[in-house]
Amino acid sequence: MDLPISLDDPRRPRRRAGTTVPYLLVNPPLTDPTAPYHSIPYLVGAARAAGHDRYRCVDANIDAFTYLAQPDQVGAALRHARAVRARIDRTGPRTRRDEFRYRQTLAAEGLTDDSVRRAIEVFRDRELFYHRPTYRAAVAVMRRWLDLLALQMPPGIMEDFLLRPKSTVNLCSTADLADDTVIDAIAAPFEDYLRDEFGQQLSDEDWGLVGFSVNYVGQLPVALRMARLVAQVRPRALIVFGGTEVGDLVKYTPERDALWRVFSRAHALVPGEGETALIDILDAAATGSGLGDVCGVMVPDRPDARPPINYENVATLPSPAYDVWAWERYWSPEPVILHSPTRGCYWNKCTFCDYGLNTDRPTSPSRERPVETVIEDLRQAARIGRIVYFAVDAMSPRYLRTLAAALARTDLDVRWAAELRLERTFPRRGVAATLAASGCVAVSFGYESGSQRILDLIDKGVRIDDVPGILTDLAEHGIAAQMMGFTGFPTESTQEAHRTYEFLHEYDHLWSIAGIGTFELTPGSIVAKQPDRFGIELLPMPKSDDIHRYRSWREPDASVQHWPEPVDGRIPDEYRRWLSRSKPDRPFAGGIDSAHSLLYYARYGRADPTEMVSRVELITDAVSVVPFASLDELTGQEDLIAELRGRMMADRDTTSVGLTQWLAEPGAAERGLSTVLQPAYGRPVNVPGRLDLSDGTPLARAVRLLLQGVHSGT
């Protein structure tokens, strides 16, 4: 393991202005447009302190979505959707691709050219944002608009401001990621932005380095497309990729040649923490020396080299440069700032966890920034905004109490949230009172399971009997709690899975948000490394998936194969409804780690304001006649998931090449005519019989509301 290099090393002389290489750092689409990620401010803060002062930071994510939200761009998307729908209406036998597309075209109904622009105005408005029905209308516009953008991409890949790892394009396959045609298909909605705005930014300066901060899988394809553009416009610039998604690809792609085929335009990869690496790369570029000896960097001429792991000394890092962003451009009424007072996890034992480039533990080693330094960081951040999310794996109880007490003593008007562990000592030590006094408005817990046996297998270090007391203490001090867990851990019984929901239902007055997913086994976890200990047998990886993001498995005495599943079929619908009143809805108000949620909690506390009518009409119901007997028969996401699962189990091709033939086959929907309601909120639904919902009579409005409620599960 490489030792961290202290950034206050006296051997690093501060450079004279004008003696450094100009560099451009890019946050690529697709990701959250409501607040910026914090990686680039940390990188620039370190590089600037080392004297590298010729830089520009481009949040291409907010730039691209702002570009696409212009009325002329939205109008073009609406016309495209209606043209696709008209073509499918006219044709004879329809393919699965056509049926998939047809569902998406219905999103155009009820929108206008300026609907998206007006929804963004709601997100930025300091009053309308906090009016829940108006906010909900703005979110509904976004959902429909994203469906229109998805219509320009390969079917099934886009989900909100994310990309699914497996759809009709396989982001677990280097074959797909290294194929420029596939990348172009994913990046298609952004091509005009890349040509008109990003291309100009590349031309503005003779950049010596262009770096892409890729922290989510959804950012990777567009980043690869942007790198190709950099290579064309600035062929002499060093192209560098870093971020947690790059770390994942390095970690999960055993074949190094395949990895470099994906990053064929890159001169270097930074798979770990990047402050020191960026400075050393810039130093090397300034002197004309090579990158082969730079700590924490991979280069293509050493494809078999061990992945370099670099952990920064967070105590000595300069403050993040939050001033690199134009905060007023984000889709929130005020800035929400991400800050990391610690890195790594002090517990670092959970057997399911697999985060970062660690090879011997679940995640990175715990490191803490001195509390007085954090307070100074926050004083600088307070010039921009007062809302802070502490982006940490987990702070130790001691550090948490010290930081909260220090914040409570300052004059900083900070409102903050963080992900914490369910520490049984919290009530006894009055932690909730200290958190409340420090400005804490919400916390998120990895609750994981309602079964003590499963918690012990996870090595969570939590007693389920202690949890109600912890939540009660927080609730009494007005702090919202998010409870996150999963079912499907190896050897979990149906009764234990049910108990995970039942516990939350029993104590639902104590938490504000809850989300239960399904267990996904990742190859770096303790479970995957010691399968015998957990009573499972690992199954061979599908040949298509040479990026080993997930592992499939089975229990030796059972024939059931466990693959990443969107839902746990053992859970009754009634149990799911227990959690439906409030669930994570990132990046919108829902999960506590989203900017919009934190703003709502800072305004209202644990309460959820309830009003019924939007103050602005942004979106309307729409009624259409479609040439299908039933929408339910159209090929959709569930059919794609089932096809992918079957192919993975049979080890058949799941790349875009393999799915092309499946999409080209005839769909199963019966031809005919039926009436469809596209509700303002929710997905389209067939209208029973010959019921006319096109007029504005009270009966028509009531039936539309009823159908909308049934369809959305409310």
# chains A, B, ... in the order shown; residues from 1 in each chain; ligands from 1

call {"tool": "select_by_dssp", "arguments": {"residues": "range 221-380 of chain A", "states": "alpha helix (DSSP H)", "output": "compact mmCIF listing (two decimals) with C-alpha atoms, in the first residue's frame"}}
result
# COMPACT_ATOMS: atom_id res chain seq x y z
CA PRO A 221 -20.42 6.85 -21.00
CA VAL A 222 -20.78 10.61 -21.58
CA ALA A 223 -17.33 11.17 -20.03
CA LEU A 224 -15.88 8.71 -22.57
CA ARG A 225 -17.64 10.60 -25.37
CA MET A 226 -16.27 13.91 -24.04
CA ALA A 227 -12.74 12.48 -23.86
CA ARG A 228 -12.94 11.59 -27.53
CA LEU A 229 -13.88 15.19 -28.26
CA VAL A 230 -10.93 16.43 -26.18
CA ALA A 231 -8.59 14.19 -28.16
CA GLN A 232 -9.88 15.78 -31.37
CA VAL A 233 -9.87 19.43 -30.27
CA THR A 244 -15.04 6.44 -7.48
CA GLU A 245 -16.49 4.93 -10.67
CA VAL A 246 -12.98 4.79 -12.14
CA GLY A 247 -11.84 3.09 -8.93
CA ASP A 248 -14.65 0.56 -9.33
CA LEU A 249 -13.66 -0.25 -12.91
CA VAL A 250 -10.02 -0.73 -11.91
CA LYS A 251 -11.10 -2.93 -9.01
CA TYR A 252 -13.70 -4.99 -10.86
CA ARG A 256 -6.06 -4.79 -17.75
CA ASP A 257 -5.98 -4.71 -21.55
CA ALA A 258 -9.79 -4.62 -21.57
CA LEU A 259 -9.78 -1.79 -19.04
CA TRP A 260 -7.52 0.30 -21.26
CA ARG A 261 -9.69 -0.41 -24.28
CA VAL A 262 -12.47 1.38 -22.39
CA GLU A 275 -5.39 15.51 -4.52
CA THR A 276 -1.73 14.46 -4.45
CA ALA A 277 -2.01 12.71 -7.82
CA LEU A 278 -3.36 15.82 -9.52
CA ILE A 279 -0.55 17.99 -8.17
CA ASP A 280 2.10 15.48 -9.21
CA ILE A 281 0.57 15.08 -12.69
CA LEU A 282 0.56 18.86 -13.14
CA ASP A 283 4.16 19.04 -11.89
CA ALA A 284 5.16 16.34 -14.36
CA ALA A 285 3.35 18.10 -17.20
CA ALA A 286 5.08 21.37 -16.34
CA THR A 287 8.52 19.77 -16.44
CA VAL A 371 -12.31 19.65 14.33
CA GLU A 372 -10.93 23.19 14.49
CA THR A 373 -9.89 22.84 10.83
CA VAL A 374 -13.37 21.63 9.90
CA ILE A 375 -14.88 24.67 11.62
CA GLU A 376 -12.62 26.90 9.54
CA ASP A 377 -13.64 24.98 6.37
CA LEU A 378 -17.27 25.61 7.25
CA ARG A 379 -16.65 29.30 7.88
CA GLN A 380 -15.35 29.57 4.34

call {"tool": "residues_around", "arguments": {"residues": "range 296-298 of chain A", "least_positions_apart": "2", "cutoff": "9 Å", "atoms": "only C-alpha atoms", "output": "ChimeraX atom specification"}}
result
/A:2,267-274,276-277,281,291-294,300-303,305-311

call {"tool": "residues_around", "arguments": {"residues": "range 656-673 of chain A", "least_positions_apart": "4", "cutoff": "7 Å", "atoms": "only C-alpha atoms", "output": "PyMOL selection string"}}
result
chain A and resi 93-97+99+168-170+176+625-629+633-635

call {"tool": "closest_residue", "arguments": {"among": "A:Gly461, A:Ile40, A:Thr351, A:Asp621", "to": "Pro531 in chain A", "atoms": "only C-alpha atoms"}}
result
A:Thr351

call {"tool": "residues_around", "arguments": {"residues": "range 75-85 of chain A", "least_positions_apart": "5", "cutoff": "8 Å", "atoms": "only C-alpha atoms", "output": "ChimeraX atom specification"}}
result
/A:101-102,104-106,108,112-113,148-149,151

call {"tool": "residues_around", "arguments": {"residues": "range 552-561 of chain A", "least_positions_apart": "5", "cutoff": "12 Å", "atoms": "only C-alpha atoms", "output": "number ranges by chain"}}
result
A: 488-492, 519-523, 527-528, 531-542, 545, 645-646, 648-651

call {"tool": "write_last_selection", "arguments": {"atoms": "C-alpha atoms", "output": "CSV table (one decimal), in the first residue's frame"}}
result
chain,number,residue,atom,x,y,z
A,488,GLY,CA,-32.0,-11.3,0.7
A,489,PHE,CA,-28.8,-11.6,2.7
A,490,PRO,CA,-27.5,-15.2,2.4
A,491,THR,CA,-29.5,-17.7,4.5
A,492,GLU,CA,-32.1,-15.1,5.4
A,519,PHE,CA,-29.1,-7.6,-1.3
A,520,GLU,CA,-26.4,-7.4,-4.0
A,521,LEU,CA,-23.2,-9.3,-3.6
A,522,THR,CA,-20.1,-7.5,-4.7
A,523,PRO,CA,-16.8,-9.3,-5.3
A,527,VAL,CA,-19.2,-12.4,2.0
A,528,ALA,CA,-17.8,-12.9,-1.5
A,531,PRO,CA,-18.5,-17.8,0.8
A,532,ASP,CA,-18.3,-20.9,2.9
A,533,ARG,CA,-18.6,-18.9,6.1
A,534,PHE,CA,-22.0,-17.6,4.9
A,535,GLY,CA,-23.2,-20.9,3.5
A,536,ILE,CA,-23.2,-19.9,-0.1
A,537,GLU,CA,-21.6,-21.0,-3.4
A,538,LEU,CA,-20.4,-18.4,-5.9
A,539,LEU,CA,-21.6,-19.0,-9.4
A,540,PRO,CA,-19.4,-18.4,-12.5
A,541,MET,CA,-19.5,-14.9,-13.9
A,542,PRO,CA,-21.4,-14.5,-17.2
A,545,ASP,CA,-19.8,-9.3,-17.7
A,645,ARG,CA,-32.1,-12.4,-16.0
A,646,GLY,CA,-32.8,-15.4,-18.3
A,648,MET,CA,-27.5,-14.2,-17.4
A,649,MET,CA,-28.6,-17.5,-16.0
A,650,ALA,CA,-28.0,-19.2,-19.3
A,651,ASP,CA,-24.8,-17.3,-19.9
